[in-house]
>>> print(open('protein_9.tsv').read())   # TSV, C-alpha atoms
chain	number	residue	atom	x	y	z
L	320	ILE	CA	46.18	-158.78	-102.16
L	321	GLU	CA	45.32	-161.82	-104.27
L	322	ARG	CA	48.61	-163.52	-103.33
L	323	LEU	CA	48.05	-162.81	-99.63
L	324	ARG	CA	44.55	-164.25	-99.89
L	325	ALA	CA	45.93	-167.32	-101.65
L	326	LEU	CA	48.54	-167.68	-98.91
L	327	LEU	CA	45.95	-167.56	-96.14
L	328	THR	CA	43.74	-170.10	-97.91
L	329	LYS	CA	46.77	-172.33	-98.73
L	330	ASP	CA	46.04	-172.03	-102.46
L	331	ARG	CA	49.13	-173.28	-104.30
L	332	THR	CA	47.92	-172.51	-107.84
L	333	GLY	CA	50.71	-169.93	-108.21
L	334	ALA	CA	53.44	-172.50	-107.58
L	335	GLN	CA	56.06	-172.99	-110.27
L	336	VAL	CA	59.53	-174.47	-110.57
L	337	VAL	CA	61.92	-171.80	-109.26
L	338	ASP	CA	65.70	-171.61	-109.50
L	339	LEU	CA	66.74	-169.98	-106.22
L	340	ALA	CA	70.08	-168.84	-107.65
L	341	ASP	CA	68.26	-166.81	-110.31
L	342	LEU	CA	65.72	-165.56	-107.78
L	343	THR	CA	68.50	-164.43	-105.43
L	344	GLN	CA	70.12	-162.39	-108.20
L	345	GLU	CA	66.74	-160.79	-109.00
L	346	VAL	CA	66.17	-159.79	-105.37
L	347	LEU	CA	69.70	-158.39	-105.03
L	348	ALA	CA	68.99	-156.22	-108.06
L	349	LEU	CA	65.79	-154.96	-106.40
L	350	ALA	CA	67.66	-154.12	-103.19
L	351	HIS	CA	70.71	-152.65	-104.94
L	352	SER	CA	69.96	-148.97	-104.34
L	353	THR	CA	69.20	-149.55	-100.64
L	354	LEU	CA	72.41	-151.54	-100.17
L	355	VAL	CA	74.50	-148.89	-101.93
L	356	ALA	CA	72.94	-146.11	-99.86
L	357	GLY	CA	73.74	-148.05	-96.69
L	358	LYS	CA	77.33	-148.69	-97.86
L	359	VAL	CA	76.73	-152.42	-97.58
L	360	THR	CA	78.97	-154.83	-99.48
L	361	VAL	CA	77.45	-158.08	-100.70
L	362	ALA	CA	79.02	-161.52	-100.93
L	363	ALA	CA	76.87	-164.13	-102.67
L	364	ARG	CA	77.87	-167.81	-102.56
L	365	LEU	CA	75.41	-169.72	-104.69
L	366	ALA	CA	76.40	-173.38	-104.72
L	367	PRO	CA	76.24	-175.01	-108.17
L	368	GLY	CA	73.89	-177.88	-108.85
L	369	ILE	CA	71.30	-176.83	-106.28
L	370	PRO	CA	67.89	-178.27	-107.23
L	371	CYS	CA	64.98	-176.01	-108.04
L	372	VAL	CA	62.03	-175.63	-105.66
L	373	LEU	CA	58.29	-175.68	-106.30
L	374	ALA	CA	57.10	-172.30	-105.02
L	375	ASP	CA	55.22	-169.09	-105.61
L	376	ARG	CA	58.05	-167.00	-107.06
L	377	VAL	CA	56.75	-163.63	-105.85
L	378	GLN	CA	56.17	-164.86	-102.30
L	379	ILE	CA	59.70	-166.27	-101.99
L	380	GLN	CA	61.05	-163.01	-103.43
L	381	GLN	CA	59.19	-161.20	-100.64
L	382	VAL	CA	60.77	-163.45	-98.01
L	383	LEU	CA	64.31	-162.98	-99.31
L	384	LEU	CA	63.88	-159.23	-99.88
L	385	ASN	CA	62.59	-158.80	-96.33
L	386	LEU	CA	65.59	-160.66	-94.90
L	387	ILE	CA	68.03	-158.61	-97.00
L	388	LEU	CA	66.47	-155.28	-96.02
L	389	ASN	CA	66.37	-156.30	-92.35
L	390	ALA	CA	70.06	-157.21	-92.51
L	391	SER	CA	70.86	-153.88	-94.15
L	392	GLU	CA	68.95	-151.97	-91.47
L	393	ALA	CA	70.76	-153.90	-88.73
L	394	MET	CA	74.02	-152.40	-90.00
L	395	VAL	CA	72.84	-148.80	-90.49
L	396	ALA	CA	73.62	-147.75	-86.91
L	397	MET	CA	77.20	-149.03	-87.11
L	398	GLN	CA	80.01	-146.52	-86.79
L	399	GLU	CA	81.45	-144.98	-89.94
L	400	GLY	CA	84.19	-147.19	-91.29
L	401	ALA	CA	82.88	-150.36	-89.66
L	402	GLN	CA	82.50	-153.38	-91.92
L	403	ARG	CA	78.97	-153.67	-93.29
L	404	GLN	CA	78.82	-156.97	-95.10
L	405	LEU	CA	75.80	-158.92	-96.24
L	406	SER	CA	76.43	-162.58	-97.09
L	407	LEU	CA	73.96	-164.72	-99.00
L	408	ALA	CA	74.34	-168.42	-99.67
L	409	THR	CA	72.36	-171.28	-101.13
L	410	ASN	CA	73.20	-174.87	-100.29
L	411	ARG	CA	71.72	-178.36	-100.14
L	412	ALA	CA	70.54	-179.15	-96.62
L	413	ASN	CA	71.16	-182.55	-95.00
L	414	ASP	CA	67.52	-183.55	-95.54
L	415	GLY	CA	67.72	-182.81	-99.29
L	416	SER	CA	65.88	-179.49	-99.12
L	417	VAL	CA	67.37	-176.22	-100.37
L	418	LEU	CA	68.90	-173.97	-97.69
L	419	VAL	CA	69.13	-170.18	-98.04
L	420	THR	CA	71.11	-168.10	-95.51
L	421	VAL	CA	71.31	-164.32	-95.10
L	422	SER	CA	74.03	-163.05	-92.74
L	423	ASP	CA	74.99	-159.56	-91.62
L	424	THR	CA	77.69	-157.94	-89.48
L	425	GLY	CA	75.28	-155.68	-87.63
L	426	THR	CA	73.49	-155.93	-84.31
L	427	ALA	CA	73.00	-159.38	-82.82
L	428	ILE	CA	69.55	-160.60	-81.79
L	429	PRO	CA	68.99	-160.17	-78.03
L	430	ALA	CA	68.83	-163.55	-76.29
L	431	ALA	CA	65.38	-162.76	-74.88
L	432	ALA	CA	64.04	-162.03	-78.38
L	433	PHE	CA	64.66	-165.41	-80.03
L	434	ASP	CA	61.24	-166.72	-79.01
L	435	GLN	CA	59.53	-163.56	-80.29
L	436	VAL	CA	61.41	-162.54	-83.39
L	437	PHE	CA	58.96	-164.27	-85.75
L	438	GLU	CA	55.83	-163.23	-83.86
L	439	SER	CA	53.42	-160.67	-85.32
L	440	PHE	CA	53.94	-157.08	-84.15
L	441	TYR	CA	57.25	-157.80	-82.44
L	442	THR	CA	59.93	-155.34	-83.59
L	443	THR	CA	63.09	-153.66	-82.36
L	444	LYS	CA	62.70	-150.82	-84.87
L	445	SER	CA	61.30	-147.47	-83.81
L	446	SER	CA	59.15	-147.29	-86.94
L	447	GLY	CA	58.62	-151.00	-87.64
L	448	LEU	CA	55.27	-152.79	-87.69
L	449	GLY	CA	56.69	-156.17	-86.71
L	450	LEU	CA	55.00	-158.01	-89.57
L	451	GLY	CA	57.80	-158.74	-92.03
L	452	LEU	CA	59.30	-161.77	-90.29
L	453	ALA	CA	55.89	-163.08	-89.24
L	454	ILE	CA	54.70	-163.00	-92.86
L	455	SER	CA	57.97	-164.55	-94.01
L	456	LYS	CA	57.50	-167.41	-91.54
L	457	THR	CA	53.94	-167.97	-92.76
L	458	ILE	CA	55.09	-168.06	-96.40
L	459	VAL	CA	57.99	-170.44	-95.80
L	460	GLU	CA	55.91	-172.84	-93.70
L	461	ALA	CA	53.09	-172.76	-96.26
L	462	HIS	CA	55.67	-174.04	-98.77
L	463	GLY	CA	56.65	-176.92	-96.50
L	464	GLY	CA	59.86	-175.30	-95.27
L	465	ARG	CA	61.08	-173.77	-92.05
L	466	ILE	CA	62.81	-170.53	-91.02
L	467	TRP	CA	65.02	-169.68	-88.04
L	468	ALA	CA	67.73	-167.30	-86.84
L	469	VAL	CA	71.07	-167.61	-85.04
L	470	ASN	CA	73.63	-165.10	-83.82
L	471	ASN	CA	77.01	-165.22	-85.52
L	472	PRO	CA	80.20	-166.08	-83.59
L	473	GLY	CA	81.30	-162.55	-84.53
L	474	PRO	CA	79.05	-159.54	-85.02
L	475	GLY	CA	75.57	-159.82	-86.48
L	476	ALA	CA	73.07	-162.58	-87.08
L	477	THR	CA	72.11	-165.14	-89.72
L	478	PHE	CA	68.60	-165.90	-90.88
L	479	CYS	CA	68.05	-169.24	-92.57
L	480	PHE	CA	65.16	-170.88	-94.37
L	481	THR	CA	64.67	-174.13	-96.23
L	482	LEU	CA	62.31	-175.13	-99.02
L	483	PRO	CA	61.64	-178.66	-100.31
L	484	ALA	CA	63.37	-179.47	-103.59
L	485	ALA	CA	61.09	-179.81	-106.60
L	486	PRO	CA	60.71	-183.41	-107.81
L	487	ALA	CA	62.98	-184.06	-110.76
L	488	VAL	CA	61.33	-185.54	-113.84
L	489	GLY	CA	63.68	-186.49	-116.65
L	490	ALA	CA	62.81	-186.66	-120.33
L	491	LYS	CA	62.18	-190.39	-120.16
L	492	GLY	CA	59.94	-189.98	-117.11
L	493	ALA	CA	57.94	-187.24	-118.78
L	494	ASN	CA	57.48	-189.43	-121.86
L	495	VAL	CA	56.20	-192.30	-119.69
L	496	VAL	CA	53.67	-190.00	-118.05
L	497	ARG	CA	52.41	-188.76	-121.43
L	498	GLY	CA	52.18	-192.32	-122.71
L	499	LEU	CA	50.22	-193.52	-119.69
L	500	ALA	CA	47.80	-190.60	-120.03
L	501	ALA	CA	47.22	-191.38	-123.70
L	502	LEU	CA	46.72	-195.10	-123.06
L	503	LEU	CA	44.30	-194.32	-120.25
L	504	LEU	CA	42.14	-192.27	-122.59
L	505	LEU	CA	42.20	-195.07	-125.15
L	506	THR	CA	41.21	-197.63	-122.50
L	507	LEU	CA	38.29	-195.48	-121.35
L	508	GLY	CA	37.07	-195.28	-124.92
L	509	PHE	CA	37.54	-191.52	-125.16
L	510	SER	CA	34.51	-190.98	-122.97
L	511	GLY	CA	35.08	-187.25	-123.05
L	512	LEU	CA	35.49	-187.08	-126.84
L	513	ALA	CA	32.18	-187.27	-128.59
L	514	SER	CA	33.03	-187.76	-132.23
L	515	ALA	CA	35.34	-189.75	-134.48
L	516	GLN	CA	36.85	-186.46	-135.63
L	517	ALA	CA	37.71	-185.60	-132.03
L	518	ARG	CA	39.38	-189.00	-131.61
L	519	TRP	CA	41.44	-188.39	-134.73
L	520	ASP	CA	42.45	-184.90	-133.52
L	521	PHE	CA	43.62	-186.38	-130.23
L	522	LEU	CA	45.76	-189.01	-131.95
L	523	ARG	CA	47.14	-186.50	-134.45
L	524	HIS	CA	48.27	-184.08	-131.74
L	525	ALA	CA	49.54	-186.64	-129.21
L	526	PRO	CA	53.15	-185.93	-128.10
L	527	ALA	CA	55.86	-187.58	-130.12
L	528	GLY	CA	56.80	-190.93	-128.61
L	529	ALA	CA	53.66	-191.05	-126.44
L	530	PHE	CA	52.86	-194.58	-127.64
L	531	THR	CA	56.41	-195.94	-127.66
L	532	ALA	CA	58.34	-197.52	-124.81
L	533	GLU	CA	62.05	-197.00	-124.29
>>> encode(input="protein_9.tsv", output="structure tokens")
Amino acid sequence: IERLRALLTKDRTGAQVVDLADLTQEVLALAHSTLVAGKVTVAARLAPGIPCVLADRVQIQQVLLNLILNASEAMVAMQEGAQRQLSLATNRANDGSVLVTVSDTGTAIPAAAFDQVFESFYTTKSSGLGLGLAISKTIVEAHGGRIWAVNNPGPGATFCFTLPAAPAVGAKGANVVRGLAALLLLTLGFSGLASAQARWDFLRHAPAGAFTAE
């Protein structure tokens, strides 16, 4: 409930640096029993060197889990012996963002449904609420990404979403930031530190190299 409230108010305090390759493996583990029960085989192609993203880990897990379960359900009605394959991939998009794709070999999306598939309360399931994809779209867009779907040349469909890459800060860059922060406090005369003892404590605990330039 708290995370949904934060999402609706665009509160990003839960954001952290997330490795989507690790997150994908975590979500596959969560969905394992459902995939096994549905006789779904999984092929994961996680490209090396993909940058991390700045995101709420649980919310992105919810998006990916929803897409995986939807793909699994799209293949449940297939005839016995038909190929039921779920393919996941992470790649670097042309604009530098991180691209995640979830493909299945199940039922294609009806042409008339493409404009509705991400709308609230739209569903093709007899028992579905039609909220999963709508919530997923809200989460992805709140993170500065986008989500869409396409039908495969063969059977099934592919759902894709992108998330902006987290800014990379190297060790030297982090040291510069620490040094600038320390020098700023010195320049302001430690206005927030009332005593000489407090000034000494600040200097004693300053990060190593904070006052050196490389």
>>> closest_residue(input="protein_9.tsv", among="L:Leu339, L:Asp375, L:Gly333, L:Ile387", to="L:His351", atoms="all atoms listed in the file")
L:Ile387
>>> residues_around(input="protein_9.tsv", residues="L:Ile466", least_positions_apart="6", cutoff="10 Å", atoms="all atoms listed in the file", output="NGL selection string")
:L and (418-420 or 437 or 452 or 455-460 or 478-482)
>>> closest_residue(input="protein_9.tsv", among="L:Leu405, L:Ala396, L:Ala430, L:Ala340", to="L:Gly368", atoms="all atoms listed in the file")
L:Ala340
>>> residues_around(input="protein_9.tsv", residues="L:Arg403", least_positions_apart="2", cutoff="12 Å", atoms="all atoms listed in the file", output="MDAnalysis selection string")
chainID L and resid 354:362 390:401 405:406 422:426 474:475
>>> atom_distance(input="protein_9.tsv", atom1="atom CA of L:Val372", atom2="atom CA of L:Val346")
16.4 Å
>>> residues_around(input="protein_9.tsv", residues="L:Gln380", least_positions_apart="4", cutoff="7 Å", atoms="all atoms listed in the file", output="NGL selection string")
:L and (342 or 346 or 376 or 384)
>>> closest_residue(input="protein_9.tsv", among="L:Thr477, L:Gln378, L:Asn385, L:Ser352", to="L:Val337", atoms="only C-alpha atoms")
L:Gln378
>>> residues_around(input="protein_9.tsv", residues="L:Leu365", least_positions_apart="4", cutoff="8 Å", atoms="only C-alpha atoms", output="PyMOL selection string")
chain L and resi 340+407-410
>>> write_last_selection(input="protein_9.tsv", atoms="C-alpha atoms", output="mmCIF file, keeping the file's coordinate frame")
data_model
loop_
_atom_site.group_PDB
_atom_site.id
_atom_site.type_symbol
_atom_site.label_atom_id
_atom_site.label_comp_id
_atom_site.auth_asym_id
_atom_site.auth_seq_id
_atom_site.Cartn_x
_atom_site.Cartn_y
_atom_site.Cartn_z
ATOM 1 C CA ALA L 340 70.080 -168.840 -107.650
ATOM 2 C CA LEU L 407 73.960 -164.720 -99.000
ATOM 3 C CA ALA L 408 74.340 -168.420 -99.670
ATOM 4 C CA THR L 409 72.360 -171.280 -101.130
ATOM 5 C CA ASN L 410 73.200 -174.870 -100.290
#
>>> closest_residue(input="protein_9.tsv", among="L:Ala476, L:Gln344, L:Arg465, L:Leu450", to="L:Phe433", atoms="all atoms listed in the file")
L:Ala476
>>> atom_distance(input="protein_9.tsv", atom1="atom CA of L:Ser416", atom2="atom CA of L:Asp338")
13.0 Å
>>> atom_distance(input="protein_9.tsv", atom1="atom CA of L:Cys371", atom2="atom CA of L:Asn389")
25.2 Å
>>> closest_residue(input="protein_9.tsv", among="L:Ala374, L:Val469, L:Leu349, L:Ala366", to="L:Pro429", atoms="all atoms listed in the file")
L:Val469
